[in-house]
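K.L.:
Pasting protein_6.txt below, which is compact mmCIF, C-alpha atoms.
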# COMPACT_ATOMS: atom_id res chain seq x y z
CA MET A 129 -211.74 113.35 -178.58
CA HIS A 130 -210.88 111.68 -181.88
CA PHE A 131 -212.47 114.32 -184.15
CA ASP A 132 -211.64 118.02 -184.33
CA SER A 133 -214.92 119.45 -185.71
CA LEU A 134 -218.63 118.69 -185.92
CA ALA A 135 -218.29 118.22 -189.70
CA ALA A 136 -215.59 115.58 -189.09
CA VAL A 137 -217.89 113.84 -186.61
CA MET A 138 -220.72 113.73 -189.15
CA HIS A 139 -218.49 112.69 -192.07
CA MET A 140 -216.28 110.20 -190.16
CA GLU A 141 -213.86 110.05 -193.10
CA GLY A 142 -216.59 108.76 -195.42
CA HIS A 143 -218.09 106.28 -192.96
CA GLY A 144 -220.63 108.63 -191.35
CA ILE A 145 -223.17 107.53 -193.96
CA TYR A 146 -223.02 104.01 -192.45
CA VAL A 147 -222.37 104.75 -188.77
CA TRP A 148 -225.10 107.35 -188.13
CA PRO A 149 -228.00 105.42 -189.74
CA ALA A 150 -226.92 102.32 -187.76
CA TYR A 151 -227.11 104.30 -184.50
CA GLY A 152 -230.38 105.94 -185.62
CA ILE A 153 -232.10 102.59 -186.29
CA THR A 154 -230.84 101.28 -182.94
CA LEU A 155 -232.12 104.36 -181.10
CA VAL A 156 -235.58 103.96 -182.65
CA LEU A 157 -235.84 100.22 -181.84
CA LEU A 158 -234.48 100.57 -178.28
CA SER A 159 -236.82 103.50 -177.58
CA TRP A 160 -239.74 101.40 -178.79
CA LEU A 161 -238.64 98.56 -176.45
CA LEU A 162 -239.08 100.85 -173.44
CA TRP A 163 -241.91 103.07 -174.68
CA ALA A 164 -244.28 100.24 -175.74
CA PRO A 165 -244.56 98.46 -172.34
CA ALA A 166 -244.74 101.79 -170.45
CA GLN A 167 -247.57 102.93 -172.71
CA ARG A 168 -249.35 99.55 -172.39
CA LEU A 169 -249.14 99.69 -168.59
CA ARG A 170 -250.64 103.21 -168.59
CA LYS A 171 -253.47 102.17 -170.96
CA ARG A 172 -254.30 99.11 -168.88
CA LYS A 173 -254.26 101.07 -165.65
CA ARG A 174 -256.68 103.59 -167.18
CA TRP A 175 -258.91 100.75 -168.41
CA ILE A 176 -259.03 99.10 -164.96
CA ILE A 177 -259.95 102.40 -163.32
CA ALA A 178 -262.58 103.19 -165.97
CA GLU A 179 -264.07 99.69 -165.64
CA ALA A 180 -264.29 100.05 -161.85
CA HIS A 181 -266.08 103.38 -162.26
CA ARG A 182 -268.48 101.89 -164.82
CA HIS A 183 -269.23 99.01 -162.46
CA ALA A 184 -269.87 101.43 -159.64
CA ALA A 185 -272.17 103.48 -161.90
CA SER A 186 -274.07 100.43 -163.20
CA ASP A 187 -274.55 99.17 -159.63
CA GLU A 188 -276.16 102.48 -158.84
CA PHE A 189 -278.31 103.00 -161.95
CA GLU A 190 -278.73 99.40 -163.25
CA SER A 191 -276.63 98.09 -166.13
CA VAL A 192 -276.43 100.02 -169.42
CA PRO A 193 -276.16 97.53 -172.33
CA GLN A 194 -274.50 99.96 -174.78
CA SER A 195 -271.68 100.85 -172.39
CA GLY A 196 -271.17 97.11 -171.84
CA ARG A 197 -270.62 96.64 -175.55
CA VAL A 198 -268.15 99.52 -175.66
CA LEU A 199 -266.33 97.99 -172.69
CA ALA A 200 -266.02 94.60 -174.43
CA ALA A 201 -264.61 96.20 -177.58
CA GLU A 202 -262.05 98.18 -175.56
CA LYS A 203 -261.04 95.02 -173.67
CA ASP A 204 -260.46 93.18 -176.98
CA SER A 205 -258.21 95.99 -178.22
CA MET A 206 -256.30 95.84 -174.93
CA GLU A 207 -255.73 92.07 -175.29
CA GLY A 208 -254.48 92.62 -178.84
CA SER A 209 -251.90 95.16 -177.70
CA SER A 210 -250.23 92.72 -175.30
CA MET B 86 -232.15 82.32 -151.37
CA TRP B 87 -235.01 79.81 -151.63
CA SER B 88 -237.40 82.22 -149.98
CA PHE B 89 -236.41 84.87 -152.59
CA ILE B 90 -237.06 82.42 -155.44
CA HIS B 91 -240.36 81.50 -153.81
CA LYS B 92 -241.33 85.18 -153.57
CA LEU B 93 -240.63 85.66 -157.29
CA GLY B 94 -243.69 83.49 -157.98
CA SER B 95 -245.96 85.84 -156.06
CA PRO B 96 -247.54 88.39 -158.48
CA PRO B 97 -248.06 91.25 -155.97
CA TRP B 98 -244.56 90.87 -154.51
CA PHE B 99 -242.97 90.61 -157.96
CA PHE B 100 -244.91 93.63 -159.22
CA ARG B 101 -243.69 95.80 -156.33
CA PHE B 102 -240.12 94.45 -156.48
CA SER B 103 -239.83 94.88 -160.27
CA GLY B 104 -241.27 98.40 -159.98
CA SER B 105 -238.54 99.46 -157.54
CA LEU B 106 -235.88 97.68 -159.62
CA VAL B 107 -236.93 99.39 -162.88
CA ARG B 108 -237.00 102.81 -161.17
CA TRP B 109 -233.22 102.77 -160.58
CA LEU B 110 -232.19 100.38 -163.36
CA LEU B 111 -233.71 102.44 -166.17
CA PRO B 112 -231.93 105.77 -165.46
CA LEU B 113 -228.68 103.89 -164.79
CA THR B 114 -229.00 102.00 -168.09
CA LEU B 115 -229.80 105.16 -170.06
CA ALA B 116 -226.80 106.94 -168.50
CA LEU B 117 -224.52 104.00 -169.38
CA LEU B 118 -225.87 103.96 -172.95
CA VAL B 119 -225.18 107.68 -173.41
CA VAL B 120 -221.66 107.46 -171.92
CA GLY B 121 -220.82 104.28 -173.87
CA ALA B 122 -222.15 105.67 -177.17
CA VAL B 123 -220.30 109.00 -176.81
CA TRP B 124 -217.11 107.17 -175.82
CA GLY B 125 -217.37 104.73 -178.72
CA LEU B 126 -218.46 107.28 -181.32
CA LEU B 127 -216.30 110.27 -180.46
CA VAL B 128 -213.46 109.35 -178.10
CA ALA B 129 -212.22 105.86 -179.07
CA PRO B 130 -209.58 105.82 -181.83
CA ALA B 131 -210.39 104.72 -185.38
CA ASP B 132 -209.50 101.18 -186.40
CA PHE B 133 -206.30 101.06 -188.46
CA ARG B 134 -207.89 98.82 -191.10
CA GLN B 135 -211.66 99.50 -190.99
CA GLY B 136 -211.46 103.21 -190.19
CA ASN B 137 -214.50 104.71 -188.49
CA SER B 138 -217.02 102.13 -189.74
CA TYR B 139 -215.86 99.86 -186.90
CA ARG B 140 -217.71 102.23 -184.47
CA ILE B 141 -220.85 100.23 -185.29
CA ILE B 142 -219.27 97.56 -183.04
CA TYR B 143 -220.56 99.49 -179.99
CA ILE B 144 -224.17 98.67 -180.87
CA HIS B 145 -223.74 95.56 -183.04
CA VAL B 146 -221.81 93.39 -180.56
CA PRO B 147 -223.84 94.33 -177.42
CA SER B 148 -227.16 93.71 -179.20
CA ALA B 149 -225.94 90.34 -180.54
CA VAL B 150 -224.47 89.23 -177.17
CA VAL B 151 -227.64 90.14 -175.25
CA ALA B 152 -229.93 88.67 -177.93
CA LEU B 153 -228.14 85.32 -177.46
CA ALA B 154 -228.15 85.50 -173.65
CA GLY B 155 -231.80 86.59 -173.75
CA TYR B 156 -232.70 83.44 -175.63
CA TYR B 157 -231.37 81.36 -172.72
CA VAL B 158 -233.49 83.45 -170.34
CA MET B 159 -236.57 82.78 -172.48
CA ALA B 160 -235.77 79.05 -172.79
CA LEU B 161 -235.13 78.76 -169.03
CA ALA B 162 -238.50 80.39 -168.35
CA GLY B 163 -239.99 77.92 -170.85
CA ALA B 164 -238.41 74.95 -169.03
CA ILE B 165 -239.71 76.20 -165.64
CA SER B 166 -243.13 76.69 -167.18
CA LEU B 167 -243.16 73.13 -168.60
CA ILE B 168 -241.81 71.42 -165.47
CA TRP B 169 -243.44 73.34 -162.60
CA ARG B 170 -246.34 75.04 -164.43
CA ILE B 171 -245.53 78.37 -162.83
CA LYS B 172 -247.62 81.17 -164.36
CA MET B 173 -244.89 83.75 -163.72
CA ALA B 174 -242.54 81.74 -165.96
CA ASP B 175 -245.09 81.95 -168.83
CA ILE B 176 -245.25 85.70 -168.37
CA ALA B 177 -241.43 85.98 -168.31
CA MET B 178 -241.12 83.86 -171.47
CA LYS B 179 -243.72 85.96 -173.29
CA ALA B 180 -242.06 89.19 -172.08
CA ALA B 181 -238.55 88.17 -173.23
CA ALA B 182 -239.54 87.21 -176.80
CA PRO B 183 -240.22 90.67 -178.34
CA VAL B 184 -237.19 92.18 -176.56
CA GLY B 185 -234.93 89.42 -177.90
CA ALA B 186 -236.45 89.81 -181.36
CA ALA B 187 -235.77 93.57 -181.38
CA LEU B 188 -232.16 93.09 -180.24
CA THR B 189 -231.59 90.39 -182.87
CA ALA B 190 -233.05 92.73 -185.50
CA VAL B 191 -230.66 95.48 -184.32
CA ALA B 192 -227.71 93.07 -184.56
CA LEU B 193 -228.71 91.98 -188.08
CA MET B 194 -229.39 95.48 -189.41
CA THR B 195 -226.27 97.09 -187.92
CA GLY B 196 -224.25 94.09 -189.15
CA ALA B 197 -225.61 94.59 -192.66
CA ILE B 198 -224.75 98.30 -192.56
CA TRP B 199 -221.25 97.50 -191.27
CA GLY B 200 -220.87 94.82 -193.96
CA LYS B 201 -221.24 97.28 -196.85
CA PRO B 202 -218.03 99.32 -196.31
CA THR B 203 -216.13 96.34 -194.83
CA TRP B 204 -217.05 93.40 -197.10
CA GLY B 205 -218.57 95.34 -200.01
CA THR B 206 -222.01 93.74 -199.51
CA TRP B 207 -225.02 94.21 -197.23
CA TRP B 208 -225.70 90.51 -196.84
CA VAL B 209 -224.12 87.09 -197.36
CA TRP B 210 -225.70 83.72 -196.57
CA ASP B 211 -222.85 82.93 -194.25
CA ALA B 212 -223.12 80.60 -191.21
CA ARG B 213 -223.05 83.32 -188.51
CA ILE B 214 -225.51 85.65 -190.24
CA THR B 215 -227.90 82.88 -191.30
CA SER B 216 -227.97 81.37 -187.79
CA MET B 217 -228.70 84.87 -186.37
CA LEU B 218 -231.58 85.18 -188.86
CA ILE B 219 -232.88 81.82 -187.56
CA LEU B 220 -232.66 83.27 -184.02
CA LEU B 221 -234.86 86.19 -185.13
CA PHE B 222 -237.41 83.74 -186.57
CA LEU B 223 -237.36 81.71 -183.33
CA TYR B 224 -238.10 84.82 -181.27
CA LEU B 225 -240.83 85.94 -183.69
CA GLY B 226 -242.19 82.37 -183.70
CA VAL B 227 -242.66 82.51 -179.92
CA VAL B 228 -244.40 85.91 -180.20
CA ALA B 229 -246.69 84.63 -182.98
CA LEU B 230 -247.43 81.30 -181.25
CA PHE B 231 -248.55 83.08 -178.07
CA GLU B 232 -250.99 85.18 -180.09
CA ALA B 233 -252.21 82.23 -182.21
CA TYR B 234 -253.78 80.26 -179.34
CA ASP B 235 -256.97 81.31 -177.54
CA ASN B 236 -256.07 78.88 -174.74
CA LYS B 237 -253.11 80.67 -173.15
CA ALA B 238 -252.00 77.63 -171.11
CA ALA B 239 -251.67 75.62 -174.35
CA ALA B 240 -249.92 78.61 -175.97
CA ALA B 241 -247.39 78.75 -173.13
CA ARG B 242 -246.65 75.00 -173.48
CA ALA B 243 -246.17 75.28 -177.26
CA CYS B 244 -243.91 78.33 -176.83
CA ALA B 245 -241.89 76.59 -174.12
CA VAL B 246 -241.28 73.61 -176.44
CA LEU B 247 -240.29 75.92 -179.32
CA SER B 248 -237.94 77.90 -177.03
CA LEU B 249 -236.26 74.74 -175.76
CA VAL B 250 -235.85 73.22 -179.23
CA GLY B 251 -234.38 76.54 -180.43
CA THR B 252 -231.56 76.47 -177.86
CA VAL B 253 -229.75 74.12 -180.29
CA ASN B 254 -229.17 77.21 -182.45
CA ILE B 255 -227.27 79.18 -179.76
CA PRO B 256 -224.01 77.17 -179.64
CA ILE B 257 -224.17 77.00 -183.45
CA ILE B 258 -224.21 80.82 -183.57
CA TYR B 259 -221.31 81.03 -181.09
CA LYS B 260 -219.14 78.48 -182.89
CA SER B 261 -220.20 79.21 -186.50
CA VAL B 262 -217.15 81.42 -187.16
CA ASP B 263 -214.85 78.59 -186.03
CA TRP B 264 -216.68 75.65 -187.62
CA TRP B 265 -217.23 77.12 -191.11
CA TYR B 266 -215.37 79.44 -193.45
CA SER B 267 -217.01 82.79 -192.81
CA LEU B 268 -216.72 86.44 -193.82
CA HIS B 269 -217.65 87.31 -190.24
CA GLN B 270 -214.62 87.91 -188.04
CA PRO B 271 -214.00 85.58 -185.06
CA ALA B 272 -214.66 86.77 -181.49
CA SER B 273 -212.49 89.75 -180.46
CA ILE B 274 -213.22 89.43 -176.74
CA LYS B 275 -211.96 86.21 -175.18
CA PHE B 276 -212.69 84.98 -171.66
CA THR B 277 -209.51 82.88 -171.71
CA GLY B 278 -206.42 84.35 -173.28
CA GLU B 279 -205.75 87.86 -174.53
CA SER B 280 -208.54 89.74 -176.33
CA ALA B 281 -207.79 90.80 -179.91
CA ILE B 282 -208.91 94.37 -179.26
CA ASP B 283 -207.05 97.29 -177.74
CA VAL B 284 -208.23 98.47 -174.30
CA SER B 285 -209.03 101.94 -175.69
CA MET B 286 -211.71 100.25 -177.81
CA LEU B 287 -212.53 97.46 -175.35
CA TYR B 288 -213.65 99.58 -172.35
CA PRO B 289 -216.47 101.43 -174.15
CA LEU B 290 -217.53 98.10 -175.67
CA LEU B 291 -217.76 96.44 -172.23
CA LEU B 292 -219.71 99.47 -170.98
CA MET B 293 -222.19 99.17 -173.85
CA ILE B 294 -222.58 95.40 -173.29
CA THR B 295 -223.41 96.12 -169.62
CA ALA B 296 -225.87 98.84 -170.70
CA PHE B 297 -227.60 96.48 -173.16
CA TYR B 298 -227.97 93.84 -170.41
CA GLY B 299 -229.58 96.55 -168.25
CA LEU B 300 -231.86 97.54 -171.10
CA PHE B 301 -232.92 93.93 -171.73
CA THR B 302 -233.70 93.43 -168.02
CA ALA B 303 -235.65 96.70 -167.76
CA ALA B 304 -237.65 96.04 -170.94
CA VAL B 305 -238.51 92.44 -169.91
CA LEU B 306 -239.57 93.58 -166.42
CA MET B 307 -241.72 96.36 -167.89
CA ASN B 308 -243.40 93.87 -170.27
CA MET B 309 -244.01 91.50 -167.34
CA ARG B 310 -245.51 94.28 -165.20
CA SER B 311 -247.99 95.29 -167.89
CA ASP B 312 -249.04 91.64 -168.34
CA LEU B 313 -249.24 91.02 -164.58
CA ILE B 314 -251.75 93.78 -163.91
CA TRP B 315 -253.81 92.61 -166.86
CA HIS B 316 -253.89 88.97 -165.70
CA HIS B 317 -254.77 90.06 -162.15
CA ARG B 318 -256.96 93.06 -162.98
CA ASP B 319 -259.69 91.88 -160.60
CA ALA B 320 -257.29 91.30 -157.70
CA ALA B 321 -257.31 93.61 -154.67
CA TRP B 322 -253.58 94.46 -154.99
CA VAL B 323 -254.07 95.72 -158.57
CA ARG B 324 -257.06 97.84 -157.51
CA GLN B 325 -254.94 99.21 -154.69
CA TRP B 326 -252.08 100.01 -157.09
CA THR B 327 -254.42 101.88 -159.45
CA GLY B 328 -255.58 103.98 -156.49
CA LEU B 329 -259.05 102.39 -156.27
CA LYS B 330 -260.46 101.45 -152.89
I need this file expressed as structure tokens, please.
P.N.:
Amino acid sequence: MHFDSLAAVMHMEGHGIYVWPAYGITLVLLSWLLWAPAQRLRKRKRWIIAEAHRHAASDEFESVPQSGRVLAAEKDSMEGSS
Amino acid sequence: MWSFIHKLGSPPWFFRFSGSLVRWLLPLTLALLVVGAVWGLLVAPADFRQGNSYRIIYIHVPSAVVALAGYYVMALAGAISLIWRIKMADIAMKAAAPVGAALTAVALMTGAIWGKPTWGTWWVWDARITSMLILLFLYLGVVALFEAYDNKAAAARACAVLSLVGTVNIPIIYKSVDWWYSLHQPASIKFTGESAIDVSMLYPLLLMITAFYGLFTAAVLMNMRSDLIWHHRDAAWVRQWTGLK
């Protein structure tokens, strides 16, 4: 261990003000790199399941135009998030 | 070997394979990142000239190295897409672009922060830094070009051409510190000859470079998986994966 106290770790002999923000920015960007595709996969999975259920429902009770419009709008937002 | 390469072009096989790969690669990568960061931040000695500011090296160098290597991955996918018209190559190219852009942004921002205590300035229009900025624009250009076209086949062709043209920039980035007078220091790690960095600082750096390669691979695979199920949302294997009958 190079440092002997938590204060020394934070201060880093005057360089903590540069080192910690650099690591902070990196942590945020790298987390986004992994979180964004995981979130997109979950959203798309939910959409596919919901669409299948809507299809099954419309097959049973005839098509419902309003739900079709909602579906199209959701699909557009899904394409945009790719 | 050829049968493996052939299988990579099959969406259901690739989806299952990449899922299993990400399941062990992601925890391994995160563990390596934690160990490497703690080692570099707290255990490695301070640099005799730069003091503790040099600890930014453990994120700056790995992000820059992987951003450059990632560009070759994207350009290779672009070449495969142009020559053999393989859809999976389009998806790989599209998946690599935002990951490469984020890593290039990390390299530029951490470099700027490191530059302040070391050079006395956040930014200089020096050959290495400017060519890295061009790399960021190339990555962002591929992302933007994909979104700009409604016809995704045409978008993939345009992106492939842009990726291939942009490869000219990669050797320029590598050699910029040798070809021009630059504030940026030359490479500390050498494949031939002795590295200009002590092993106590080198080992955590190599660990972080490995971790960043793992992170790039995991992020690209995750992007590809989310695109694959969207492209094939009507296919039986996707319905099966979602749990539908």
K.L.:
With distances taken over all atoms listed in the file, which residue among B:Pro130, B:Gly163, B:Gly226, B:Gly205 lies nearest chain A?
P.N.:
B:Pro130
K.L.:
Mind checking which residues fall within 10 Å of Lys260 in chain B, counting only C-alpha atoms, ignoring those fewer than 6 positions away in the same chain, and posting them as a PDB file with C-alpha atoms, in the coordinates of the input?
P.N.:
ATOM      1  CA  ALA B 212    -223.120  80.600-191.210  1.00  0.00           C
ATOM      2  CA  ARG B 213    -223.050  83.320-188.510  1.00  0.00           C
ATOM      3  CA  PRO B 271    -214.000  85.580-185.060  1.00  0.00           C
ATOM      4  CA  ALA B 272    -214.660  86.770-181.490  1.00  0.00           C
TER       5      ALA B 272
END
K.L.:
Between CA of Ser166 in chain B and CA of Ala239 in chain B, measure the distance and give it in Å to one decimal.
P.N.:
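Answer for the CA of Ser166 in chain B to CA of Ala239 in chain B separation: 11.2 Å.
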K.L.:
Using all atoms listed in the file, find the residues of chain B whose closest atom to chain A is at most 7 Å away, then write them as an MDAnalysis selection string.
P.N.:
chainID B and resid 127:130 137:138 140:141 184 187 191 195 198:199 304 307:308 311 315 318 327
K.L.:
From the list B:Met173, B:Val227, B:Ile294, B:Met217, which residue is nearest His316 in chain B when using only C-alpha atoms?
P.N.:
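Of all the options, B:Met173 lies closest to His316 in chain B.
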K.L.:
From the list B:Ile142, B:Ala296, B:Ala177, B:Leu249, which residue is nearest Phe99 in chain B when using only C-alpha atoms?
P.N.:
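Ranking B:Ile142, B:Ala296, B:Ala177, B:Leu249 by distance to Phe99 in chain B, first place goes to B:Ala177.
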K.L.:
Residues within 10 Å of Val120 in chain B, please, as a list in words. Count all atoms listed in the file; anything in the same chain fewer than 4 positions from it doesn't count.
P.N.:
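In the requested form, the answer reads Thr114, Leu115, Ala116, Trp124, Gly125, Leu126, Pro289, Leu292, Met293 and Ala296 of chain B.
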